[in-house]
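Down below is the structure, laid out as structure tokens.
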Amino acid sequence: MVIDDESNGTRALVPDAVAYIRGDVADRPLVANMLREHGIGAILHFAGSIQVGESVEKPLAYYANNTLASHALLSEAVAAGVPHFVFSSTAAVYGAPERLPIDEADPKLPINPYGASKWMTEQMLADAARAHPFNYAALRYFNVSGADPQLRSGQIGKSSTHIIKVATEAALGKRDHVDVFGTDYPTPDGSCIRDYIHVSDLAAAHVAALERLIAAPRENLLLNCGYGTGHSVIEVLDALDDVCQRKIPRRLGERRAGDPPQLVASNRTLVETLEWTPRHADIHGIVADALAWERKLIDWKSR
């Protein structure tokens, strides 16, 4: 079953056969009742705020919606005896790393409230797992991108700042340009470098992680979710230009607060620990799927 407050999502993307509650994971009485009535055996916790720049502007809102809400959900999960917990964490827990690719054991030194709020939740999970009979997986997402190739689901954020989402909107006329935040980073073309992972590969990693938790109930997992390959913002926009066969207008600007120059994963632990193999690790394919989804959104909203 699914619980969602619909602040950044919609019931329409959840299959009709799936039980659904509109509500907040921080609503402890609601969550307690849901866990009890439905006999929940595992939680996959995706809820939270994810915009780096916004977290710098509204830090307390991020600690409330990410850390405190996760505390409430985790507390009710422990009280209900839920044995398995999969958490959506982030590469932002590493801050601005000194080496690449980033390994799970590298220092956790977040440079923005978004990363700090997620790292705090990871620490809560680790402490709770030592004290209570449950295990967890913290999946540290790098840049989640693309859309379901069958177009059953994709990104619909109401105020997204993700470069591929913004760029595909510009490609279809919903924006008149794409902003590039920073052209003076210590990278080959001066723009930020990120490890873009297709959402379908990430979904498969969640399934594999949960299967591992069930099979090894005393084991906890800390896993980077990326491909180990970085692409700059300029390279992503070039890929979209290739897919569209025309140049999407760009506007070069200043750096955005809280953005590290490069984030690229070592996914060795993910590949070696889980039955997981990337199937969509091509930036042109990622951009093409995102563009197809954006076209579908336009058709959907025009009906």
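Just remember, in the structure tokens the first chain shown is A, the second B, etc., residues are 1-based per chain, and ligands are 1-based in the order shown.
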**Prompt:** Using only C-alpha atoms, which residues sit within 9 Å of segment 12-28 of chain A once same-chain residues fewer than 6 positions away are excluded, as a ChimeraX atom specification?
**Reply:** /A:1-6,34,47,65,68-73,75-76,152-154
Closest contacts (segment 62-171 of chain A/segment 199-219 of chain A, max 6 Å, only C-alpha atoms) as a tab-separated table:
```
residue	atom	partner	partner_atom	distance
A:Val144	CA	A:Val199	CA	5.7
A:Ser145	CA	A:Val199	CA	5.6
A:Gly146	CA	A:Val199	CA	6.0
```
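Nearest residue to Leu297 of chain A, choosing from A:Lys174, A:Thr273, A:Asp238, A:Asp184 and counting only C-alpha atoms: A:Lys174.
If you measure from each of A:Pro186, A:Pro278, A:Pro101, A:Gly95 to Gly115 of chain A using only C-alpha atoms, the closest one turns out to be A:Gly95.
Taking only C-alpha atoms into account, Leu74 of chain A lies nearest to A:His45 out of the set A:His162, A:Lys58, A:Arg99, A:His45.
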**Asked** Of the candidates A:Ala265, A:Ala147, A:Val271, A:Val78, which one gets nearest to Asn135 of chain A if we count only C-alpha atoms?
**Response** A:Val78
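Taking the backbone of this structure through DSSP, the residues of segment 114-153 of chain A that come out as helix (DSSP H, G or I) are Tyr114, Gly115, Ala116, Ser117, Lys118, Trp119, Met120, Thr121, Glu122, Gln123, Met124, Leu125, Ala126, Asp127, Ala128, Ala129, Arg130 and Ala131 of chain A.
Distance annotation: of A:Pro83, A:Pro149, A:Pro110, A:Gly226, the residue with the minimal separation from Ala96 of chain A is A:Pro110; atom set is only C-alpha atoms.
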**Prompt:** Hey, can you check how far atom CA of Leu240 of chain A sits from atom CA of Cys225 of chain A?
**Reply:** 23.0 Å
